[in-house]
file work14.txt (compact mmCIF, C-alpha atoms)
# COMPACT_ATOMS: atom_id res chain seq x y z
CA MET V 1 3.71 -3.43 -4.81
CA SER V 2 6.46 -4.93 -2.70
CA GLN V 3 7.56 -1.84 -0.80
CA THR V 4 7.93 -2.47 2.91
CA VAL V 5 6.98 -0.17 5.77
CA ASP V 6 10.45 -0.68 7.30
CA ALA V 7 12.58 -3.55 8.49
CA ILE V 8 11.71 -4.44 12.07
CA GLN V 9 14.59 -4.00 14.46
CA GLY V 10 15.78 -6.79 16.73
CA PRO V 11 16.23 -10.56 16.49
CA ILE V 12 12.64 -11.46 17.42
CA ARG V 13 10.70 -8.94 15.34
CA ASN V 14 12.53 -9.68 12.13
CA GLN V 15 9.71 -9.57 9.60
CA VAL V 16 8.53 -6.70 7.44
CA LEU V 17 5.02 -5.45 6.69
CA LEU V 18 4.12 -4.58 3.12
CA SER V 19 2.90 -1.02 2.69
CA ARG V 20 -0.23 -2.19 0.92
CA TYR V 21 -1.06 -4.35 3.94
CA ALA V 22 -0.62 -1.41 6.32
CA GLU V 23 -2.97 0.67 4.17
CA SER V 24 -5.61 -2.05 3.97
CA ILE V 25 -5.45 -2.66 7.71
CA VAL V 26 -6.05 1.03 8.51
CA TRP V 27 -9.04 1.25 6.17
CA LEU V 28 -10.53 -2.06 7.29
CA ALA V 29 -10.54 -0.75 10.86
CA ARG V 30 -12.06 2.58 9.83
CA TYR V 31 -14.81 0.97 7.78
CA MET V 32 -15.92 -1.42 10.51
CA GLU V 33 -15.94 1.39 13.07
CA ARG V 34 -17.93 3.58 10.67
CA ILE V 35 -20.62 0.94 10.20
CA GLU V 36 -21.17 0.65 13.93
CA ASN V 37 -21.36 4.43 14.35
CA LEU V 38 -23.88 4.71 11.53
CA ALA V 39 -26.01 1.97 13.05
CA ARG V 40 -25.94 3.68 16.45
CA VAL V 41 -27.00 7.06 15.09
CA LEU V 42 -29.76 5.56 12.94
CA ASP V 43 -31.09 3.49 15.83
CA VAL V 44 -31.18 6.35 18.33
CA THR V 45 -32.69 8.76 15.80
CA GLU V 46 -35.47 6.32 14.92
CA SER V 47 -36.30 5.80 18.58
CA PHE V 48 -36.13 9.48 19.46
CA THR V 49 -38.14 10.82 16.52
CA ARG V 50 -40.78 8.16 17.07
CA THR V 51 -41.36 9.13 20.69
CA SER V 52 -40.61 12.89 20.68
CA GLN V 53 -41.34 16.00 18.66
CA VAL V 54 -37.98 17.20 17.38
CA GLU V 55 -36.95 19.13 14.29
CA ASN V 56 -34.18 18.02 11.92
CA GLY V 57 -33.77 14.61 13.55
CA TRP V 58 -33.13 12.76 10.30
CA ARG V 59 -31.47 15.68 8.54
CA SER V 60 -28.83 15.82 11.26
CA ILE V 61 -27.57 12.36 10.18
CA VAL V 62 -26.98 13.70 6.69
CA GLN V 63 -25.19 16.70 8.22
CA ILE V 64 -23.02 14.57 10.49
CA ASN V 65 -21.74 12.66 7.47
CA ALA V 66 -21.37 15.79 5.29
CA ASP V 67 -23.64 14.27 2.66
CA GLU V 68 -26.10 17.12 2.04
CA GLU V 69 -25.20 17.62 -1.62
CA ARG V 70 -25.29 13.94 -2.49
CA TYR V 71 -28.46 13.24 -0.52
CA TYR V 72 -30.54 16.15 -1.79
CA SER V 73 -29.49 15.55 -5.40
CA THR V 74 -31.83 12.54 -5.43
CA ARG V 75 -34.24 13.23 -2.55
CA ASN V 76 -36.36 16.19 -1.51
CA GLU V 77 -36.81 15.45 2.18
CA ALA V 78 -34.74 13.93 4.98
CA ASP V 79 -37.22 11.50 6.53
CA VAL V 80 -36.95 8.04 8.03
CA HIS V 81 -37.45 6.19 4.74
CA GLY V 82 -35.09 8.34 2.68
CA VAL V 83 -32.26 8.51 5.23
CA ALA V 84 -32.47 4.81 6.13
CA GLU V 85 -32.41 3.79 2.47
CA PHE V 86 -29.56 6.20 1.72
CA TYR V 87 -27.37 4.97 4.58
CA VAL V 88 -28.20 1.27 4.54
CA LEU V 89 -29.05 0.12 1.02
CA ASP V 90 -27.91 2.75 -1.50
CA ASN V 91 -24.96 1.29 -3.41
CA GLU V 92 -24.44 4.64 -5.14
CA ASN V 93 -23.68 6.26 -1.78
CA PRO V 94 -20.06 5.50 -0.78
CA ASN V 95 -20.99 6.21 2.85
CA SER V 96 -23.84 3.66 2.98
CA ILE V 97 -23.45 0.49 5.01
CA SER V 98 -23.81 -1.65 1.88
CA SER V 99 -20.94 0.25 0.21
CA ILE V 100 -18.76 0.34 3.31
CA ILE V 101 -19.00 -3.37 4.05
CA ALA V 102 -18.18 -4.14 0.41
CA VAL V 103 -14.90 -2.19 0.52
CA ALA V 104 -14.18 -3.52 4.01
CA ARG V 105 -14.45 -7.03 2.61
CA GLU V 106 -12.11 -6.14 -0.28
CA ASN V 107 -9.53 -4.88 2.19
CA ALA V 108 -9.98 -8.03 4.27
CA ARG V 109 -9.48 -10.12 1.14
CA ALA V 110 -6.20 -8.33 0.49
CA LEU V 111 -5.20 -9.10 4.09
CA ARG V 112 -5.88 -12.85 3.98
CA PRO V 113 -2.19 -13.67 4.59
CA LEU V 114 -2.32 -11.63 7.82
CA ILE V 115 -5.77 -11.89 9.38
CA SER V 116 -7.16 -14.97 11.05
CA THR V 117 -9.60 -17.35 9.40
CA GLU V 118 -12.18 -16.27 11.99
CA MET V 119 -11.82 -12.60 11.02
CA TRP V 120 -12.19 -13.35 7.32
CA THR V 121 -15.12 -15.72 7.81
CA HIS V 122 -17.06 -13.26 9.93
CA ILE V 123 -16.52 -10.31 7.57
CA ASN V 124 -17.53 -12.48 4.63
CA MET V 125 -20.73 -13.62 6.35
CA PHE V 126 -21.50 -10.07 7.46
CA HIS V 127 -21.06 -8.83 3.89
CA ASN V 128 -23.31 -11.52 2.48
CA TRP V 129 -26.03 -10.75 5.03
CA VAL V 130 -25.97 -7.01 4.22
CA ARG V 131 -26.21 -7.79 0.49
CA GLN V 132 -29.49 -9.61 1.13
CA LEU V 133 -31.15 -6.67 2.90
CA THR V 134 -34.17 -5.14 1.17
CA SER V 135 -36.46 -2.16 1.65
CA ARG V 136 -38.58 -4.29 3.98
CA ASP V 137 -35.70 -4.46 6.44
CA ILE V 138 -35.49 -0.67 6.80
CA ARG V 139 -39.16 -0.03 7.51
CA PRO V 140 -39.60 2.00 10.72
CA SER V 141 -40.95 -1.05 12.52
CA GLN V 142 -37.86 -3.07 11.55
CA LEU V 143 -35.13 -0.44 11.64
CA SER V 144 -34.24 -0.75 15.33
CA ALA V 145 -33.83 -4.51 15.08
CA LEU V 146 -31.71 -4.09 11.96
CA CYS V 147 -29.45 -1.57 13.68
CA SER V 148 -29.08 -3.84 16.71
CA ARG V 149 -27.92 -6.63 14.41
CA LEU V 150 -25.47 -4.30 12.65
CA LYS V 151 -23.99 -3.17 15.97
CA GLN V 152 -23.75 -6.77 17.15
CA GLU V 153 -21.91 -7.82 14.00
CA CYS V 154 -19.41 -4.97 14.38
CA GLN V 155 -18.86 -5.81 18.02
CA THR V 156 -18.35 -9.45 17.08
CA HIS V 157 -15.72 -8.33 14.58
CA ASN V 158 -14.01 -6.29 17.31
CA GLY V 159 -14.00 -9.27 19.64
CA ILE V 160 -12.63 -11.64 17.02
CA THR V 161 -9.97 -9.11 16.04
CA GLU V 162 -8.93 -8.55 19.65
CA GLY V 163 -8.74 -12.28 20.26
CA THR V 164 -7.01 -13.45 17.08
CA PHE V 165 -5.07 -10.61 15.41
CA TYR V 166 -1.32 -11.15 15.75
CA ARG V 167 0.35 -8.43 17.82
CA ASP V 168 2.83 -6.98 15.36
CA GLN V 169 2.91 -3.75 13.32
CA GLY V 170 -0.39 -4.70 11.71
CA TYR V 171 -2.18 -4.59 15.04
CA HIS V 172 -0.94 -1.06 15.69
CA PHE V 173 -2.00 0.10 12.23
CA TYR V 174 -5.43 -1.41 12.93
CA ASN V 175 -5.71 0.65 16.12
CA ILE V 176 -4.63 3.81 14.30
CA GLY V 177 -7.49 3.38 11.83
CA LYS V 178 -10.03 2.36 14.44
CA TYR V 179 -9.40 5.23 16.82
CA LEU V 180 -8.95 7.91 14.15
CA GLU V 181 -12.40 6.99 12.84
CA ARG V 182 -13.90 6.86 16.31
CA GLY V 183 -12.51 10.27 17.23
CA ASP V 184 -13.73 11.76 13.96
CA GLN V 185 -17.24 10.37 14.49
CA THR V 186 -17.40 11.73 18.04
CA THR V 187 -16.47 15.24 16.92
CA ARG V 188 -19.10 15.13 14.15
CA LEU V 189 -21.80 13.98 16.56
CA VAL V 190 -21.00 16.70 19.11
CA ASP V 191 -20.64 19.41 16.47
CA ILE V 192 -24.02 18.80 14.80
CA LYS V 193 -26.08 17.78 17.80
CA TYR V 194 -24.86 20.52 20.13
CA HIS V 195 -26.10 23.28 17.86
CA THR V 196 -29.29 21.61 16.59
CA LEU V 197 -30.48 20.50 20.02
CA LEU V 198 -29.84 23.64 22.06
CA PRO V 199 -33.19 24.41 23.73
CA ARG V 200 -35.47 26.94 22.11
CA ASP V 201 -39.07 26.63 23.25
CA ALA V 202 -38.14 24.15 25.98
CA GLY V 203 -35.67 25.45 28.54
CA ILE V 204 -32.52 23.81 29.77
CA GLY V 205 -33.43 21.04 32.17
CA SER V 206 -36.90 20.41 30.73
CA GLN V 207 -38.01 16.85 30.03
CA VAL V 208 -37.59 17.41 26.29
CA ASP V 209 -34.11 18.79 26.77
CA ILE V 210 -33.04 15.89 28.97
CA SER V 211 -34.42 13.30 26.56
CA GLN V 212 -32.62 14.97 23.64
CA TRP V 213 -29.24 14.88 25.34
CA SER V 214 -29.85 11.37 26.60
CA ALA V 215 -30.34 10.41 22.94
CA VAL V 216 -27.00 12.00 22.02
CA LEU V 217 -25.27 9.99 24.74
CA ARG V 218 -26.94 6.80 23.57
CA ALA V 219 -25.83 7.49 19.99
CA ALA V 220 -22.25 7.47 21.30
CA ALA V 221 -22.85 4.44 23.56
CA ALA V 222 -22.12 6.82 26.43
CA TYR V 223 -25.33 7.02 28.45
CA HIS V 224 -24.50 4.57 31.24
CA ALA V 225 -20.90 5.75 31.50
CA TYR V 226 -22.07 9.37 31.74
CA ARG V 227 -24.64 8.56 34.42
CA ARG V 228 -22.00 6.69 36.37
CA VAL V 229 -19.89 9.85 36.52
CA MET V 230 -22.71 12.43 36.71
CA PRO V 231 -25.84 10.67 38.01
CA ARG V 232 -27.85 13.80 38.87
CA SER V 233 -27.02 16.35 36.20
CA LEU V 234 -27.36 16.42 32.42
CA THR V 235 -26.68 19.62 30.46
CA PRO V 236 -25.44 20.30 26.91
CA THR V 237 -22.10 21.55 28.22
CA GLN V 238 -21.58 18.50 30.41
CA VAL V 239 -22.48 16.10 27.61
CA ALA V 240 -20.11 17.82 25.18
CA GLY V 241 -17.38 17.83 27.81
CA PHE V 242 -17.84 14.15 28.56
CA LEU V 243 -17.73 13.12 24.89
CA LEU V 244 -14.70 15.26 24.14
CA LEU V 245 -12.59 15.41 27.29
CA ASN V 246 -13.34 12.44 29.55
CA ASN V 247 -10.18 10.37 30.07
CA ALA V 248 -11.92 7.06 30.76
CA PHE V 249 -14.80 6.82 28.28
CA PRO V 250 -13.75 4.60 25.31
CA ARG V 251 -15.29 6.85 22.65
CA SER V 252 -14.23 10.23 24.00
CA LEU V 253 -12.00 12.31 21.75
CA VAL V 254 -9.25 12.50 24.38
CA LEU V 255 -9.09 8.74 24.86
CA THR V 256 -9.18 7.93 21.14
CA LEU V 257 -6.29 10.33 20.58
CA ARG V 258 -4.35 8.65 23.37
CA GLN V 259 -4.84 5.28 21.65
CA VAL V 260 -3.65 6.64 18.29
CA PHE V 261 -0.63 8.24 19.97
CA TRP V 262 0.23 4.99 21.72
CA ALA V 263 0.01 2.99 18.46
CA LEU V 264 2.20 5.48 16.59
CA THR V 265 4.70 5.49 19.45
CA GLN V 266 4.88 1.69 19.42
CA LEU V 267 5.57 1.68 15.69
CA ARG V 268 8.33 4.24 16.21
CA THR V 269 10.02 2.82 19.31
CA ASP V 270 9.44 -0.94 19.09
CA TYR V 271 9.62 -1.36 15.33
CA GLY V 272 11.95 1.46 14.27
CA LEU V 273 9.39 3.09 11.97
CA ARG V 274 10.88 6.59 12.25
CA ARG V 275 8.67 8.08 9.57
CA ALA V 276 5.83 8.37 12.11
CA GLY V 277 7.38 11.64 13.33
CA ALA V 278 5.10 14.02 11.41
CA ALA V 279 1.96 12.25 12.62
CA LEU V 280 3.24 12.33 16.20
CA GLU V 281 3.89 16.07 15.94
CA HIS V 282 0.29 16.64 14.86
CA MET V 283 -0.85 14.39 17.70
CA ASP V 284 1.14 16.43 20.23
CA GLU V 285 -0.40 19.66 18.98
CA LEU V 286 -3.92 18.27 19.10
CA ARG V 287 -3.57 16.69 22.52
CA ALA V 288 -2.03 19.86 23.94
CA ALA V 289 -4.95 21.94 22.64
CA LEU V 290 -7.41 19.63 24.36
CA GLY V 291 -5.43 19.43 27.58
CA ASP V 292 -5.10 23.20 27.93
CA GLN V 293 -8.82 24.01 27.82
CA THR V 294 -11.99 23.22 29.71
CA ILE V 295 -15.19 22.54 27.82
CA GLU V 296 -16.53 25.91 28.97
CA GLN V 297 -13.53 27.68 27.45
CA ILE V 298 -13.89 25.74 24.19
CA ILE V 299 -17.58 26.68 23.93
CA VAL V 300 -16.94 30.36 24.67
CA ARG V 301 -14.20 30.51 22.03
CA GLY V 302 -16.37 28.66 19.50
CA LEU V 303 -17.20 24.96 19.70
CA HIS V 304 -17.96 24.57 16.00
CA GLU V 305 -14.73 26.28 14.95
CA PHE V 306 -12.72 24.19 17.42
CA LEU V 307 -14.24 20.92 16.21
CA ASP V 308 -13.66 21.91 12.58
CA TRP V 309 -10.00 22.41 13.48
CA VAL V 310 -9.89 19.03 15.26
CA GLN V 311 -11.31 17.29 12.20
CA LEU V 312 -8.68 18.95 10.00
CA GLN V 313 -5.99 17.78 12.42
CA LEU V 314 -7.33 14.22 12.30
CA GLN V 315 -7.26 14.39 8.51
CA SER V 316 -3.67 15.63 8.66
CA ILE V 317 -2.70 12.71 10.90
CA GLN V 318 -4.30 10.26 8.46
CA ASN V 319 -2.41 11.96 5.59
CA ASP V 320 0.84 11.86 7.56
CA VAL V 321 0.44 8.12 8.11
CA ALA V 322 -0.37 7.55 4.44
CA GLU V 323 2.57 9.63 3.24
CA ALA V 324 4.95 7.89 5.59
CA PHE V 325 3.93 4.28 5.05
CA TRP V 326 2.32 3.84 1.64
CA THR V 327 2.87 5.56 -1.63
CA LEU V 328 -0.37 5.55 -3.59
CA PRO V 329 -2.43 8.65 -2.65
CA VAL V 330 -5.78 7.13 -3.65
CA THR V 331 -6.94 3.53 -3.62
CA PRO V 332 -10.16 2.00 -4.98
CA ALA V 333 -11.29 1.38 -1.41
CA GLU V 334 -10.70 4.90 -0.11
CA PRO V 335 -13.87 6.56 1.24
CA ALA V 336 -15.41 9.87 0.25
CA ARG V 337 -14.26 11.48 3.50
CA CYS V 338 -12.03 10.78 6.47

call {"tool": "encode", "arguments": {"input": "work14.txt", "output": "structure tokens"}}
result
Amino acid sequence: MSQTVDAIQGPIRNQVLLSRYAESIVWLARYMERIENLARVLDVTESFTRTSQVENGWRSIVQINADEERYYSTRNEADVHGVAEFYVLDNENPNSISSIIAVARENARALRPLISTEMWTHINMFHNWVRQLTSRDIRPSQLSALCSRLKQECQTHNGITEGTFYRDQGYHFYNIGKYLERGDQTTRLVDIKYHTLLPRDAGIGSQVDISQWSAVLRAAAAYHAYRRVMPRSLTPTQVAGFLLLNNAFPRSLVLTLRQVFWALTQLRTDYGLRRAGAALEHMDELRAALGDQTIEQIIVRGLHEFLDWVQLQLQSIQNDVAEAFWTLPVTPAEPARC
């Protein structure tokens, strides 16, 4: 397919980006972000369930990823062995790390004319390492170390990308994919954890309650940032507010939306890609809804319903980008969900 996203305006930016490249860039970014998020949630859940008595710890991972039907079709119980195998090694699960890194590598292969040798080499080595993982690597005693390695590899990819990816349209498409995925993952984490971890036997402020919400923050790589802003207080409402509405935390919903908006705006203003208008309209609506409410108001009106709406908006933005810039509605590398 030789269709182009649009001719770049101006004497300096006078190249075009193939639509298939734009599509592959977005999905490559989403896949690599998804692997890191999976590793973070698995790592924190293993640590928390090992040291605390908590219900539904492993089942919540299946819920976050909307995989209940697929998971329970082959397994009876959501425990450490079943969930770790399902999300690390199971090639039949399109949301497993082994499946995700395989399609990430295929997208990177398609992007060889655009990405640096360092990016390709690292993704290739990462893929080969994941392929060699066995059931021994996901034993409870090994799972934390495995997740640390997975996070490190994803962060290495981010560093290489930041340091070597040419700053043209492709870079902005990469950021669209990266931050759409990050925002989606944050909403899923807050949605599931907020309702499953609300105190029952233990009251708000108990040691169990504090450790539970500390685990949620760690799953989002937010613990130290949260404590920097609120060193003496930790409640479910404050944690949800921080992860959704904080303007400075890199994984908050508000900041990820700002990054997507900026990337879309750059494509529109600097590169003349006018077809980004529909996505920008959805972005304006979503950002306005977040800016007009406090976390207390969102919770009173229905946190779950609000986050469901946010996820639908994020899906609409992804669809708007796809409709505007590439023509095929489904590709072999497209995931089971967005």

call {"tool": "closest_residue", "arguments": {"input": "work14.txt", "among": "V:Val260, V:Leu42, V:Ile61, V:Leu307", "to": "V:Thr187", "atoms": "only C-alpha atoms"}}
result
V:Leu307

call {"tool": "closest_residue", "arguments": {"input": "work14.txt", "among": "V:Leu234, V:Ala324, V:Ile160, V:Leu217", "to": "V:Glu118", "atoms": "all atoms listed in the file"}}
result
V:Ile160

call {"tool": "residues_around", "arguments": {"input": "work14.txt", "residues": "V:Ala104", "least_positions_apart": "3", "cutoff": "7 Å", "atoms": "all atoms listed in the file", "output": "ChimeraX atom specification"}}
result
/V:28,31,100-101,107-108

call {"tool": "residues_near_point", "arguments": {"input": "work14.txt", "point": "(-1.0, -8.9, 12.1)", "cutoff": "10 Å", "atoms": "all atoms listed in the file", "output": "list in words"}}
result
Leu17, Tyr21, Ala22, Ile25, Leu111, Pro113, Leu114, Ile115, Ser116, Thr161, Thr164, Phe165, Tyr166, Arg167, Asp168, Gln169, Gly170, Tyr171, His172, Phe173 and Tyr174 of chain V

call {"tool": "write_last_selection", "arguments": {"input": "work14.txt", "atoms": "C-alpha atoms", "output": "short mmCIF file (atom, residue, chain, number, x, y, z; two decimals), in the frame of the given file"}}
result
data_model
loop_
_atom_site.label_atom_id
_atom_site.label_comp_id
_atom_site.auth_asym_id
_atom_site.auth_seq_id
_atom_site.Cartn_x
_atom_site.Cartn_y
_atom_site.Cartn_z
CA LEU V 17 5.02 -5.45 6.69
CA TYR V 21 -1.06 -4.35 3.94
CA ALA V 22 -0.62 -1.41 6.32
CA ILE V 25 -5.45 -2.66 7.71
CA LEU V 111 -5.20 -9.10 4.09
CA PRO V 113 -2.19 -13.67 4.59
CA LEU V 114 -2.32 -11.63 7.82
CA ILE V 115 -5.77 -11.89 9.38
CA SER V 116 -7.16 -14.97 11.05
CA THR V 161 -9.97 -9.11 16.04
CA THR V 164 -7.01 -13.45 17.08
CA PHE V 165 -5.07 -10.61 15.41
CA TYR V 166 -1.32 -11.15 15.75
CA ARG V 167 0.35 -8.43 17.82
CA ASP V 168 2.83 -6.98 15.36
CA GLN V 169 2.91 -3.75 13.32
CA GLY V 170 -0.39 -4.70 11.71
CA TYR V 171 -2.18 -4.59 15.04
CA HIS V 172 -0.94 -1.06 15.69
CA PHE V 173 -2.00 0.10 12.23
CA TYR V 174 -5.43 -1.41 12.93
#

call {"tool": "atom_distance", "arguments": {"input": "work14.txt", "atom1": "atom CA of V:Val26", "atom2": "atom CA of V:Ser99"}}
result
17.1 Å

call {"tool": "residues_around", "arguments": {"input": "work14.txt", "residues": "V:His127", "least_positions_apart": "4", "cutoff": "8 Å", "atoms": "all atoms listed in the file", "output": "ChimeraX atom specification"}}
result
/V:98,101-102,105,123,131

call {"tool": "atom_distance", "arguments": {"input": "work14.txt", "atom1": "atom CA of V:Glu296", "atom2": "atom CA of V:Pro231"}}
result
20.0 Å

call {"tool": "atom_distance", "arguments": {"input": "work14.txt", "atom1": "atom CA of V:Ile138", "atom2": "atom CA of V:Val88"}}
result
7.9 Å

call {"tool": "closest_residue", "arguments": {"input": "work14.txt", "among": "V:Gln185, V:Asn246, V:Thr74, V:Leu38", "to": "V:Ala225", "atoms": "only C-alpha atoms"}}
result
V:Asn246

call {"tool": "residues_around", "arguments": {"input": "work14.txt", "residues": "stretch 268-282 of chain V", "least_positions_apart": "2", "cutoff": "7 Å", "atoms": "only C-alpha atoms", "output": "JSON, numbers by chain"}}
result
{"V": [6, 8, 9, 261, 264, 265, 266, 284, 285, 286, 313, 317, 320, 321, 324]}

call {"tool": "closest_residue", "arguments": {"input": "work14.txt", "among": "V:Gln63, V:Thr235, V:Ser96, V:Asn56", "to": "V:Val130", "atoms": "only C-alpha atoms"}}
result
V:Ser96

call {"tool": "closest_residue", "arguments": {"input": "work14.txt", "among": "V:Asn95, V:Gly57, V:Phe48, V:Pro140", "to": "V:Tyr71", "atoms": "all atoms listed in the file"}}
result
V:Asn95

call {"tool": "closest_residue", "arguments": {"input": "work14.txt", "among": "V:Arg139, V:Leu189, V:Glu92, V:Ser24", "to": "V:Arg112", "atoms": "only C-alpha atoms"}}
result
V:Ser24
